[in-house]
2 protein chains.
Amino acid sequence: MTDLEKMGQDAKDCAYELSLIETRRKNELLEKMAAALVTRTDEILAANELDLAAATDNGVAEVMKDRLLLTTERIQAMADGMRKIAQLPDPIGQVEKMWKNADGLLIGRQKVPLGVIGIIYESRPNVTTDAASLCFKAGNAVILRGGKEAFLSNQVLVTILQETLVESGFSPYAIQFIDDTSHEVAEKFMQLTDFLDVLIPRGGANLIQRVKTTATVPVIETGTGNNHVYVDKDATLAMAKKIIINAKTQRPSVCNAIETVLIHKEVAAFFLPELEKSLLEAGVEIHADELACDYMPSAQLANQEDWKTEFLDYILAIKVVDSLEEAIAHINRYGTKHSEAIITENYSASQKFLKEVDASAVYVNASTRFTDGFVFGFGAEIGISTQKLHARGPMGLDALTSTKYIIYGEGQIRN
Amino acid sequence: MTDLEKMGQDAKDCAYELSLIETRRKNELLEKMAAALVTRTDEILAANELDLAAATDNGVAEVMKDRLLLTTERIQAMADGMRKIAQLPDPIGQVEKMWKNADGLLIGRQKVPLGVIGIIYESRPNVTTDAASLCFKAGNAVILRGGKEAFLSNQVLVTILQETLVESGFSPYAIQFIDDTSHEVAEKFMQLTDFLDVLIPRGGANLIQRVKTTATVPVIETGTGNNHVYVDKDATLAMAKKIIINAKTQRPSVCNAIETVLIHKEVAAFFLPELEKSLLEAGVEIHADELACDYMPSAQLANQEDWKTEFLDYILAIKVVDSLEEAIAHINRYGTKHSEAIITENYSASQKFLKEVDASAVYVNASTRFTDGFVFGFGAEIGISTQKLHARGPMGLDALTSTKYIIYGEGQIRN
């Protein structure tokens, strides 16, 4: 059985080294790892073919197999992603704030690495290199536990990264991979409190829920997005339609897509038939409440489950509401606190929505699809936090750091 | 049995209300609660007397009974503490940063309450009012679970706070108290993942350890401080002595006191006899390694346990080291990452210590006793975090907040 304690101790020792090396050295190592991925493309593709063959044997769905699939171009993209992370500014060492206190102490708040980060994730092998390079750049050791479908692909990727580190005279324990996909090992990993500073799950709602109830290690929940667009009575309806189509159909399988549209009753009669037409053209199936069904003949009647469901598909739930207040209450009840939008030209409605909706990102007159580390300007992201502790919303390098106070004294003692 | 789910739901509902009320209203309520504590001093003292009587019956140590004891002056101090928190600036609503992204979205990072905070603590009843008012000021609902020694005192304190809220037309669920001190209920409380956004334990190492291994709710560890002063070969020895005496004896029972002194071998012969004299005058028992014992005839020989122990008493461990590197390695191995100090006039040694010591607060030429929310300028503190996630070091009101992104668009969709 995998010796998680040993992996944890090795990671901890290496994390200390990593916390001390200079930015230039980290960047050089990232560039070398990226180059090695490209050079060793054939090895990666060979391992990936075996994963794909196993997936076919196990009757894995085509859409899942596409997530699993690696190609020369996709490997190139993974390497480019690593190079981009090398080019980002290094948060470590930055002093955010420095002040003199009443005793004359000069107190600074400095960014330092978190330490050892665990990542538990599902099928896509690019998470392996993305997560590894973000953790590395922020000076953290990482222990990866990928899904069983991508096992051989992930394993060869980590081997390449580790071998590159060793060739460059650095410890391979900066990036480790758990080569056991059993539930028992996963559970033990979630409780490795002596070694893991944080555990970040990336995957579907089931994985997140399992981690949430099992982990005793600090967790940052990510990703589940049951998001809404609310079309206010004072919305510009052409804008509303454009945003709804974008937020639902531009990439329905991602967590910042929307799942439900709420529409003020005063504009329902006029807007819904228009919206239905556009949704049908885009191939979207409509689950609507009774009132909305009146205006959308193709819709099927929605049930309670629809309000809770993250379809991640070409399905949209639609509900007519009496007021802005009802829309906010619905969102705060059924939403997963990810991304929420109001479409309105009414100033007070926009302010009220921003204030009262409890979510990581709240939009006025824009698509929820913008909730993303790259788009927000963070350069890259390790996931989107839907919890309130430590980091909320898109998490870039900063979310992978902690702080320490550095204090310059002149012999002060406390009275 | 206590219905923790109901308490959790009530807290959650109230947290939403609390997140929306204005600062002035929160401050008024805090002032009223403070006034009620003073007005109802007799009730509090009566309950406290019963707690003290039970403590006597149960053979509780005098030092613990002093922690438990309330007096008119101490109640006045609790009320003053609440008033000071009322006067602090409210972090909620502050937008820390606002920028335009490449799509023309105006993105702001706004401080919002965490939601529902659980506090699990031991004997001192002032934690009840301190924690309640800090959570309240930062717009959070709080559920308190105090120790059994202070049960009746805590209960009457919370009753007074709640009754004041209700008289002022506000929900009593902002501040709730678990009136069951059993381990089963505590354990269930630590796993109330659907309702608690964070759990903050305040107490000794055993409590912290139990929470760490049991809780599935996100935890912020606080308080254990196995802290060191390292006296470098280039230290000003008079300053070193003054700081050691202060950090050990000014208040030995607190977490920012020191437990071990490390001293460079080059200055040991000269410094240790001097230090011994001062320590003995201050009534400190010395546990020293073999080398240090040579220079401190009154010392007893230290064992491995001494390096790990948070004495919280007039006991100090002393060890001679060969180098700055050995001192740093010792601290990173045995310290609890709380507060660490170097005494030196050597520039490079000071920088190396600040960089390589992994702790929430790292000092040059100052007493570790300064690690404190008031002293750092945060106005008040809910505890001192020794973990790296979310908050590290003294936690003021800011540590009780989360953020949300508010985004002003003009109809943008994602391409």
# chains A, B, ... in the order shown; residues from 1 in each chain; ligands from 1
$ residues_around --residues "Thr71 of chain B" --least-positions-apart "3" --cutoff "8 Å" --atoms "only C-alpha atoms" --output "list of chain:residue names"
B:Leu45, B:Arg74, B:Ile75
$ interface_residues --of "chain B" --to "chain A" --cutoff "6 Å" --atoms "only C-alpha atoms" --output "mmCIF file with N, CA and C atoms, in the first residue's frame"
data_model
loop_
_atom_site.group_PDB
_atom_site.id
_atom_site.type_symbol
_atom_site.label_atom_id
_atom_site.label_comp_id
_atom_site.auth_asym_id
_atom_site.auth_seq_id
_atom_site.Cartn_x
_atom_site.Cartn_y
_atom_site.Cartn_z
ATOM 1 N N LEU B 114 -18.284 36.147 6.903
ATOM 2 C CA LEU B 114 -18.061 34.724 6.650
ATOM 3 C C LEU B 114 -19.372 33.952 6.678
ATOM 4 N N ALA B 215 -12.879 17.578 13.442
ATOM 5 C CA ALA B 215 -13.743 18.490 12.702
ATOM 6 C C ALA B 215 -13.704 18.231 11.204
ATOM 7 N N THR B 216 -14.876 18.231 10.580
ATOM 8 C CA THR B 216 -14.943 18.238 9.121
ATOM 9 C C THR B 216 -15.341 19.637 8.647
ATOM 10 N N PRO B 218 -14.540 23.569 8.305
ATOM 11 C CA PRO B 218 -13.253 24.267 8.219
ATOM 12 C C PRO B 218 -12.859 24.857 9.573
ATOM 13 N N MET B 239 20.347 43.590 25.868
ATOM 14 C CA MET B 239 19.037 43.551 25.216
ATOM 15 C C MET B 239 18.474 42.134 25.247
ATOM 16 N N ILE B 243 14.913 41.029 26.951
ATOM 17 C CA ILE B 243 13.842 40.454 26.128
ATOM 18 C C ILE B 243 13.475 39.054 26.626
ATOM 19 N N SER B 360 4.133 32.358 12.412
ATOM 20 C CA SER B 360 3.179 33.419 12.085
ATOM 21 C C SER B 360 3.770 34.798 12.326
ATOM 22 N N ALA B 361 4.680 34.917 13.297
ATOM 23 C CA ALA B 361 5.319 36.205 13.570
ATOM 24 C C ALA B 361 6.788 35.955 13.884
ATOM 25 N N VAL B 362 7.667 36.611 13.134
ATOM 26 C CA VAL B 362 9.103 36.417 13.316
ATOM 27 C C VAL B 362 9.717 37.790 13.633
ATOM 28 N N TYR B 363 10.404 37.867 14.780
ATOM 29 C CA TYR B 363 10.901 39.128 15.307
ATOM 30 C C TYR B 363 12.415 39.238 15.234
ATOM 31 N N VAL B 364 12.884 40.456 14.999
ATOM 32 C CA VAL B 364 14.286 40.780 15.236
ATOM 33 C C VAL B 364 14.311 41.768 16.396
ATOM 34 N N ASN B 365 15.061 41.433 17.430
ATOM 35 C CA ASN B 365 15.280 42.360 18.546
ATOM 36 C C ASN B 365 13.997 42.892 19.182
ATOM 37 N N ALA B 366 13.070 41.994 19.456
ATOM 38 C CA ALA B 366 11.879 42.408 20.204
ATOM 39 C C ALA B 366 11.300 41.174 20.888
ATOM 40 N N SER B 367 10.506 41.406 21.910
ATOM 41 C CA SER B 367 9.888 40.324 22.668
ATOM 42 C C SER B 367 8.755 39.679 21.874
ATOM 43 N N LYS B 388 -1.981 28.022 8.300
ATOM 44 C CA LYS B 388 -1.626 28.883 7.175
ATOM 45 C C LYS B 388 -2.818 29.277 6.321
ATOM 46 N N LEU B 389 -3.934 28.578 6.469
ATOM 47 C CA LEU B 389 -5.078 28.863 5.621
ATOM 48 C C LEU B 389 -5.910 29.996 6.207
ATOM 49 N N HIS B 390 -6.329 30.896 5.347
ATOM 50 C CA HIS B 390 -7.263 31.994 5.654
ATOM 51 C C HIS B 390 -6.659 33.107 6.506
ATOM 52 N N SER B 402 -15.042 37.311 4.614
ATOM 53 C CA SER B 402 -14.722 36.677 3.343
ATOM 54 C C SER B 402 -14.798 37.791 2.288
ATOM 55 N N LYS B 404 -16.448 38.911 -1.792
ATOM 56 C CA LYS B 404 -17.134 38.523 -3.024
ATOM 57 C C LYS B 404 -16.734 39.493 -4.116
ATOM 58 N N TYR B 405 -16.701 38.990 -5.346
ATOM 59 C CA TYR B 405 -16.416 39.864 -6.469
ATOM 60 C C TYR B 405 -17.721 40.486 -6.935
ATOM 61 N N ILE B 406 -17.733 41.820 -7.041
ATOM 62 C CA ILE B 406 -18.881 42.501 -7.633
ATOM 63 C C ILE B 406 -18.424 43.019 -8.986
ATOM 64 N N ILE B 407 -19.243 42.774 -10.009
ATOM 65 C CA ILE B 407 -18.791 43.050 -11.374
ATOM 66 C C ILE B 407 -19.819 43.894 -12.120
ATOM 67 N N TYR B 408 -19.384 45.075 -12.570
ATOM 68 C CA TYR B 408 -20.244 45.977 -13.315
ATOM 69 C C TYR B 408 -19.968 45.810 -14.809
ATOM 70 N N GLY B 409 -20.978 45.356 -15.537
ATOM 71 C CA GLY B 409 -20.809 45.143 -16.968
ATOM 72 C C GLY B 409 -21.634 46.106 -17.799
ATOM 73 N N GLU B 410 -21.499 45.967 -19.109
ATOM 74 C CA GLU B 410 -22.274 46.784 -20.061
ATOM 75 C C GLU B 410 -22.817 45.872 -21.142
ATOM 76 N N GLY B 411 -23.178 44.641 -20.754
ATOM 77 C CA GLY B 411 -23.714 43.691 -21.717
ATOM 78 C C GLY B 411 -22.688 42.720 -22.266
ATOM 79 N N GLN B 412 -21.507 42.654 -21.651
ATOM 80 C CA GLN B 412 -20.444 41.788 -22.187
ATOM 81 C C GLN B 412 -20.817 40.302 -22.171
ATOM 82 N N ILE B 413 -20.437 39.624 -23.248
ATOM 83 C CA ILE B 413 -20.511 38.160 -23.285
ATOM 84 C C ILE B 413 -19.113 37.637 -23.592
#
$ residues_around --residues "Lys308 of chain A" --least-positions-apart "5" --cutoff "10 Å" --atoms "only C-alpha atoms" --output "list in words"
Asn226, Asn227, Glu259, Thr260, Asn303, Ala317, Arg333, Tyr334, Gly335 and Thr336 of chain A
$ write_last_selection --atoms "N, CA, C and O atoms" --output "compact mmCIF listing (two decimals), in the first residue's frame"
# COMPACT_ATOMS: atom_id res chain seq x y z
N ASN A 226 -24.40 26.10 -9.75
CA ASN A 226 -25.80 26.19 -10.17
C ASN A 226 -26.12 27.68 -10.23
O ASN A 226 -26.56 28.29 -9.26
N ASN A 227 -25.86 28.26 -11.41
CA ASN A 227 -25.89 29.71 -11.57
C ASN A 227 -27.15 30.20 -12.27
O ASN A 227 -27.78 29.45 -13.01
N GLU A 259 -27.69 27.66 -15.26
CA GLU A 259 -28.60 26.52 -15.28
C GLU A 259 -30.06 26.97 -15.20
O GLU A 259 -30.96 26.25 -15.61
N THR A 260 -30.32 28.15 -14.67
CA THR A 260 -31.70 28.64 -14.53
C THR A 260 -31.77 30.11 -14.91
O THR A 260 -30.87 30.89 -14.56
N ASN A 303 -39.80 20.60 -12.51
CA ASN A 303 -40.15 20.17 -11.15
C ASN A 303 -39.13 20.73 -10.17
O ASN A 303 -38.16 21.38 -10.58
N ALA A 317 -33.42 25.65 -17.09
CA ALA A 317 -34.65 25.80 -16.32
C ALA A 317 -35.06 27.28 -16.36
O ALA A 317 -34.20 28.16 -16.36
N ARG A 333 -31.46 30.50 -2.15
CA ARG A 333 -31.90 29.18 -1.69
C ARG A 333 -31.30 28.05 -2.53
O ARG A 333 -30.83 27.06 -2.00
N TYR A 334 -31.34 28.18 -3.85
CA TYR A 334 -30.95 27.07 -4.71
C TYR A 334 -29.54 27.19 -5.29
O TYR A 334 -28.97 26.20 -5.76
N GLY A 335 -29.00 28.38 -5.33
CA GLY A 335 -27.68 28.58 -5.96
C GLY A 335 -26.58 27.92 -5.16
O GLY A 335 -26.75 27.59 -3.98
N THR A 336 -25.44 27.73 -5.80
CA THR A 336 -24.29 27.14 -5.10
C THR A 336 -23.25 28.22 -4.78
O THR A 336 -22.09 27.91 -4.54
$ select_by_dssp --residues "segment 195-378 of chain B" --states "strand (DSSP E or B)" --output "MDAnalysis selection string"
chainID B and resid 198:202 219 222 227:231 258:264 285:288 300:301 315:321 339:343 361:366
$ select_by_dssp --residues "segment 229-310 of chain A" --states "alpha helix (DSSP H)" --output "NGL selection string"
:A and (237-249 or 265-281 or 290-295 or 304-308)
$ atom_distance --atom1 "atom CA of Ile21 of chain B" --atom2 "atom CA of Ile175 of chain B"
15.6 Å
$ residues_around --residues "Val185 of chain B" --least-positions-apart "2" --cutoff "12 Å" --atoms "only C-alpha atoms" --output "MDAnalysis selection string"
chainID B and resid 1:5 120 145:146 178:183 187:192
$ closest_residue --among "A:Lys265, A:Lys277, A:Arg124, A:Lys84" --to "Asn154 of chain A" --atoms "only C-alpha atoms"
A:Arg124
$ closest_residue --among "B:Glu340, B:Asp313, B:Glu96, B:Glu163" --to "Arg40 of chain B" --atoms "only C-alpha atoms"
B:Glu163
$ residues_around --residues "Asp51 of chain B" --least-positions-apart "6" --cutoff "10 Å" --atoms "only C-alpha atoms" --output "list in words"
Leu45, Asp57, Lys65, Leu68, Leu69, Lys148, Glu149, Ala150, Phe151, Leu152, Ser153 and Asn154 of chain B
$ write_last_selection --atoms "C-alpha atoms" --output "mmCIF file, in the first residue's frame"
data_model
loop_
_atom_site.group_PDB
_atom_site.id
_atom_site.type_symbol
_atom_site.label_atom_id
_atom_site.label_comp_id
_atom_site.auth_asym_id
_atom_site.auth_seq_id
_atom_site.Cartn_x
_atom_site.Cartn_y
_atom_site.Cartn_z
ATOM 1 C CA LEU B 45 -21.983 37.300 39.667
ATOM 2 C CA ASP B 57 -16.163 20.807 44.847
ATOM 3 C CA LYS B 65 -10.418 29.190 39.340
ATOM 4 C CA LEU B 68 -13.084 31.490 35.899
ATOM 5 C CA LEU B 69 -13.670 34.226 38.465
ATOM 6 C CA LYS B 148 -18.254 23.061 31.538
ATOM 7 C CA GLU B 149 -16.493 24.952 34.384
ATOM 8 C CA ALA B 150 -17.946 28.274 33.211
ATOM 9 C CA PHE B 151 -21.257 26.859 32.072
ATOM 10 C CA LEU B 152 -23.640 28.928 34.204
ATOM 11 C CA SER B 153 -21.608 32.110 33.782
ATOM 12 C CA ASN B 154 -21.550 31.722 29.999
#
$ atom_distance --atom1 "atom CA of Asn58 of chain B" --atom2 "atom CA of Leu207 of chain B"
20.1 Å
$ closest_residue --among "A:Leu275, A:Asp234, A:Gln9, A:Thr164" --to "Asn346 of chain A" --atoms "only C-alpha atoms"
A:Asp234
$ residues_around --residues "Ala35 of chain A" --least-positions-apart "5" --cutoff "10 Å" --atoms "only C-alpha atoms" --output "PyMOL selection string"
chain A and resi 29-30+40+76+79-80+82-83+161+164
$ closest_residue --among "A:Thr224, A:Thr23, A:Thr39, A:Asn140" --to "Thr309 of chain A" --atoms "only C-alpha atoms"
A:Thr224
$ atom_distance --atom1 "atom CA of Ala349 of chain A" --atom2 "atom CA of Val231 of chain A"
10.9 Å
$ residues_around --residues "Gly283 of chain B" --least-positions-apart "6" --cutoff "9 Å" --atoms "only C-alpha atoms" --output "PyMOL selection string"
chain B and resi 249+314-315
$ write_last_selection --atoms "N, CA and C atoms" --output "mmCIF file, in the first residue's frame"
data_model
loop_
_atom_site.group_PDB
_atom_site.id
_atom_site.type_symbol
_atom_site.label_atom_id
_atom_site.label_comp_id
_atom_site.auth_asym_id
_atom_site.auth_seq_id
_atom_site.Cartn_x
_atom_site.Cartn_y
_atom_site.Cartn_z
ATOM 1 N N THR B 249 8.612 35.945 31.560
ATOM 2 C CA THR B 249 7.997 36.153 32.877
ATOM 3 C C THR B 249 6.911 37.213 32.936
ATOM 4 N N TYR B 314 6.548 29.255 34.960
ATOM 5 C CA TYR B 314 7.880 29.812 35.215
ATOM 6 C C TYR B 314 8.957 28.747 35.026
ATOM 7 N N ILE B 315 9.012 28.179 33.843
ATOM 8 C CA ILE B 315 10.014 27.169 33.486
ATOM 9 C C ILE B 315 10.558 27.566 32.115
#
$ closest_residue --among "A:Val127, A:Leu70, A:Leu88, A:Val261" --to "Leu50 of chain A" --atoms "only C-alpha atoms"
A:Leu70
$ decode --residues "segment 138-166 of chain A" --atoms "N, CA, C and O atoms" --output "PDB file, in the first residue's frame"
ATOM      1  N   ALA A 138       4.137  28.960  -6.702  1.00  0.00           N
ATOM      2  CA  ALA A 138       3.873  29.619  -5.417  1.00  0.00           C
ATOM      3  C   ALA A 138       4.680  28.985  -4.277  1.00  0.00           C
ATOM      4  O   ALA A 138       4.406  29.232  -3.104  1.00  0.00           O
ATOM      5  N   GLY A 139       5.675  28.163  -4.623  1.00  0.00           N
ATOM      6  CA  GLY A 139       6.597  27.643  -3.614  1.00  0.00           C
ATOM      7  C   GLY A 139       6.052  26.519  -2.758  1.00  0.00           C
ATOM      8  O   GLY A 139       6.551  26.262  -1.664  1.00  0.00           O
ATOM      9  N   ASN A 140       5.024  25.839  -3.246  1.00  0.00           N
ATOM     10  CA  ASN A 140       4.424  24.749  -2.486  1.00  0.00           C
ATOM     11  C   ASN A 140       4.810  23.386  -3.062  1.00  0.00           C
ATOM     12  O   ASN A 140       4.923  23.236  -4.275  1.00  0.00           O
ATOM     13  N   ALA A 141       4.940  22.386  -2.196  1.00  0.00           N
ATOM     14  CA  ALA A 141       5.014  21.008  -2.659  1.00  0.00           C
ATOM     15  C   ALA A 141       3.581  20.542  -2.907  1.00  0.00           C
ATOM     16  O   ALA A 141       2.651  20.969  -2.216  1.00  0.00           O
ATOM     17  N   VAL A 142       3.398  19.670  -3.889  1.00  0.00           N
ATOM     18  CA  VAL A 142       2.043  19.209  -4.191  1.00  0.00           C
ATOM     19  C   VAL A 142       2.004  17.691  -4.239  1.00  0.00           C
ATOM     20  O   VAL A 142       2.969  17.042  -4.656  1.00  0.00           O
ATOM     21  N   ILE A 143       0.925  17.130  -3.735  1.00  0.00           N
ATOM     22  CA  ILE A 143       0.668  15.693  -3.872  1.00  0.00           C
ATOM     23  C   ILE A 143      -0.621  15.559  -4.658  1.00  0.00           C
ATOM     24  O   ILE A 143      -1.665  16.075  -4.244  1.00  0.00           O
ATOM     25  N   LEU A 144      -0.529  14.875  -5.796  1.00  0.00           N
ATOM     26  CA  LEU A 144      -1.658  14.763  -6.711  1.00  0.00           C
ATOM     27  C   LEU A 144      -2.310  13.396  -6.591  1.00  0.00           C
ATOM     28  O   LEU A 144      -1.625  12.380  -6.501  1.00  0.00           O
ATOM     29  N   ARG A 145      -3.614  13.399  -6.622  1.00  0.00           N
ATOM     30  CA  ARG A 145      -4.336  12.130  -6.651  1.00  0.00           C
ATOM     31  C   ARG A 145      -5.394  12.263  -7.743  1.00  0.00           C
ATOM     32  O   ARG A 145      -6.431  12.895  -7.551  1.00  0.00           O
ATOM     33  N   GLY A 146      -5.060  11.722  -8.922  1.00  0.00           N
ATOM     34  CA  GLY A 146      -5.958  11.840 -10.070  1.00  0.00           C
ATOM     35  C   GLY A 146      -6.955  10.703 -10.136  1.00  0.00           C
ATOM     36  O   GLY A 146      -6.904   9.765  -9.338  1.00  0.00           O
ATOM     37  N   GLY A 147      -7.858  10.798 -11.108  1.00  0.00           N
ATOM     38  CA  GLY A 147      -8.887   9.765 -11.281  1.00  0.00           C
ATOM     39  C   GLY A 147      -8.334   8.528 -11.954  1.00  0.00           C
ATOM     40  O   GLY A 147      -7.284   8.578 -12.602  1.00  0.00           O
ATOM     41  N   LYS A 148      -9.051   7.417 -11.803  1.00  0.00           N
ATOM     42  CA  LYS A 148      -8.501   6.170 -12.327  1.00  0.00           C
ATOM     43  C   LYS A 148      -8.510   6.116 -13.858  1.00  0.00           C
ATOM     44  O   LYS A 148      -7.658   5.472 -14.460  1.00  0.00           O
ATOM     45  N   GLU A 149      -9.456   6.820 -14.522  1.00  0.00           N
ATOM     46  CA  GLU A 149      -9.496   6.800 -15.995  1.00  0.00           C
ATOM     47  C   GLU A 149      -8.193   7.314 -16.603  1.00  0.00           C
ATOM     48  O   GLU A 149      -7.739   6.824 -17.632  1.00  0.00           O
ATOM     49  N   ALA A 150      -7.612   8.334 -15.968  1.00  0.00           N
ATOM     50  CA  ALA A 150      -6.416   8.958 -16.557  1.00  0.00           C
ATOM     51  C   ALA A 150      -5.141   8.484 -15.876  1.00  0.00           C
ATOM     52  O   ALA A 150      -4.094   9.103 -15.998  1.00  0.00           O
ATOM     53  N   PHE A 151      -5.224   7.370 -15.173  1.00  0.00           N
ATOM     54  CA  PHE A 151      -4.127   6.955 -14.310  1.00  0.00           C
ATOM     55  C   PHE A 151      -2.761   6.908 -15.017  1.00  0.00           C
ATOM     56  O   PHE A 151      -1.788   7.501 -14.561  1.00  0.00           O
ATOM     57  N   LEU A 152      -2.691   6.187 -16.149  1.00  0.00           N
ATOM     58  CA  LEU A 152      -1.390   6.014 -16.803  1.00  0.00           C
ATOM     59  C   LEU A 152      -0.894   7.326 -17.405  1.00  0.00           C
ATOM     60  O   LEU A 152       0.303   7.619 -17.370  1.00  0.00           O
ATOM     61  N   SER A 153      -1.822   8.117 -17.925  1.00  0.00           N
ATOM     62  CA  SER A 153      -1.443   9.431 -18.472  1.00  0.00           C
ATOM     63  C   SER A 153      -0.868  10.304 -17.363  1.00  0.00           C
ATOM     64  O   SER A 153       0.200  10.905 -17.522  1.00  0.00           O
ATOM     65  N   ASN A 154      -1.583  10.375 -16.244  1.00  0.00           N
ATOM     66  CA  ASN A 154      -1.104  11.205 -15.134  1.00  0.00           C
ATOM     67  C   ASN A 154       0.252  10.725 -14.628  1.00  0.00           C
ATOM     68  O   ASN A 154       1.138  11.518 -14.326  1.00  0.00           O
ATOM     69  N   GLN A 155       0.375   9.408 -14.541  1.00  0.00           N
ATOM     70  CA  GLN A 155       1.607   8.850 -14.006  1.00  0.00           C
ATOM     71  C   GLN A 155       2.814   9.216 -14.874  1.00  0.00           C
ATOM     72  O   GLN A 155       3.847   9.640 -14.355  1.00  0.00           O
ATOM     73  N   VAL A 156       2.657   9.104 -16.180  1.00  0.00           N
ATOM     74  CA  VAL A 156       3.797   9.422 -17.039  1.00  0.00           C
ATOM     75  C   VAL A 156       4.083  10.930 -17.004  1.00  0.00           C
ATOM     76  O   VAL A 156       5.242  11.353 -17.006  1.00  0.00           O
ATOM     77  N   LEU A 157       3.035  11.728 -16.918  1.00  0.00           N
ATOM     78  CA  LEU A 157       3.248  13.181 -16.828  1.00  0.00           C
ATOM     79  C   LEU A 157       4.068  13.534 -15.588  1.00  0.00           C
ATOM     80  O   LEU A 157       5.048  14.282 -15.663  1.00  0.00           O
ATOM     81  N   VAL A 158       3.671  12.976 -14.447  1.00  0.00           N
ATOM     82  CA  VAL A 158       4.398  13.302 -13.214  1.00  0.00           C
ATOM     83  C   VAL A 158       5.821  12.751 -13.272  1.00  0.00           C
ATOM     84  O   VAL A 158       6.771  13.405 -12.835  1.00  0.00           O
ATOM     85  N   THR A 159       5.982  11.569 -13.856  1.00  0.00           N
ATOM     86  CA  THR A 159       7.332  11.008 -13.987  1.00  0.00           C
ATOM     87  C   THR A 159       8.233  11.955 -14.778  1.00  0.00           C
ATOM     88  O   THR A 159       9.379  12.213 -14.397  1.00  0.00           O
ATOM     89  N   ILE A 160       7.695  12.493 -15.862  1.00  0.00           N
ATOM     90  CA  ILE A 160       8.488  13.426 -16.685  1.00  0.00           C
ATOM     91  C   ILE A 160       8.856  14.674 -15.876  1.00  0.00           C
ATOM     92  O   ILE A 160      10.001  15.127 -15.892  1.00  0.00           O
ATOM     93  N   LEU A 161       7.882  15.214 -15.144  1.00  0.00           N
ATOM     94  CA  LEU A 161       8.163  16.405 -14.339  1.00  0.00           C
ATOM     95  C   LEU A 161       9.216  16.098 -13.282  1.00  0.00           C
ATOM     96  O   LEU A 161      10.180  16.854 -13.094  1.00  0.00           O
ATOM     97  N   GLN A 162       9.073  14.953 -12.617  1.00  0.00           N
ATOM     98  CA  GLN A 162      10.018  14.589 -11.555  1.00  0.00           C
ATOM     99  C   GLN A 162      11.418  14.350 -12.107  1.00  0.00           C
ATOM    100  O   GLN A 162      12.403  14.797 -11.525  1.00  0.00           O
ATOM    101  N   GLU A 163      11.492  13.638 -13.223  1.00  0.00           N
ATOM    102  CA  GLU A 163      12.811  13.355 -13.799  1.00  0.00           C
ATOM    103  C   GLU A 163      13.507  14.657 -14.213  1.00  0.00           C
ATOM    104  O   GLU A 163      14.722  14.794 -14.066  1.00  0.00           O
ATOM    105  N   THR A 164      12.721  15.599 -14.705  1.00  0.00           N
ATOM    106  CA  THR A 164      13.305  16.896 -15.078  1.00  0.00           C
ATOM    107  C   THR A 164      13.842  17.612 -13.844  1.00  0.00           C
ATOM    108  O   THR A 164      14.921  18.203 -13.884  1.00  0.00           O
ATOM    109  N   LEU A 165      13.086  17.566 -12.762  1.00  0.00           N
ATOM    110  CA  LEU A 165      13.559  18.195 -11.521  1.00  0.00           C
ATOM    111  C   LEU A 165      14.878  17.579 -11.078  1.00  0.00           C
ATOM    112  O   LEU A 165      15.835  18.283 -10.747  1.00  0.00           O
ATOM    113  N   VAL A 166      14.926  16.257 -11.107  1.00  0.00           N
ATOM    114  CA  VAL A 166      16.134  15.569 -10.641  1.00  0.00           C
ATOM    115  C   VAL A 166      17.327  15.898 -11.539  1.00  0.00           C
ATOM    116  O   VAL A 166      18.421  16.204 -11.060  1.00  0.00           O
TER     117      VAL A 166
END
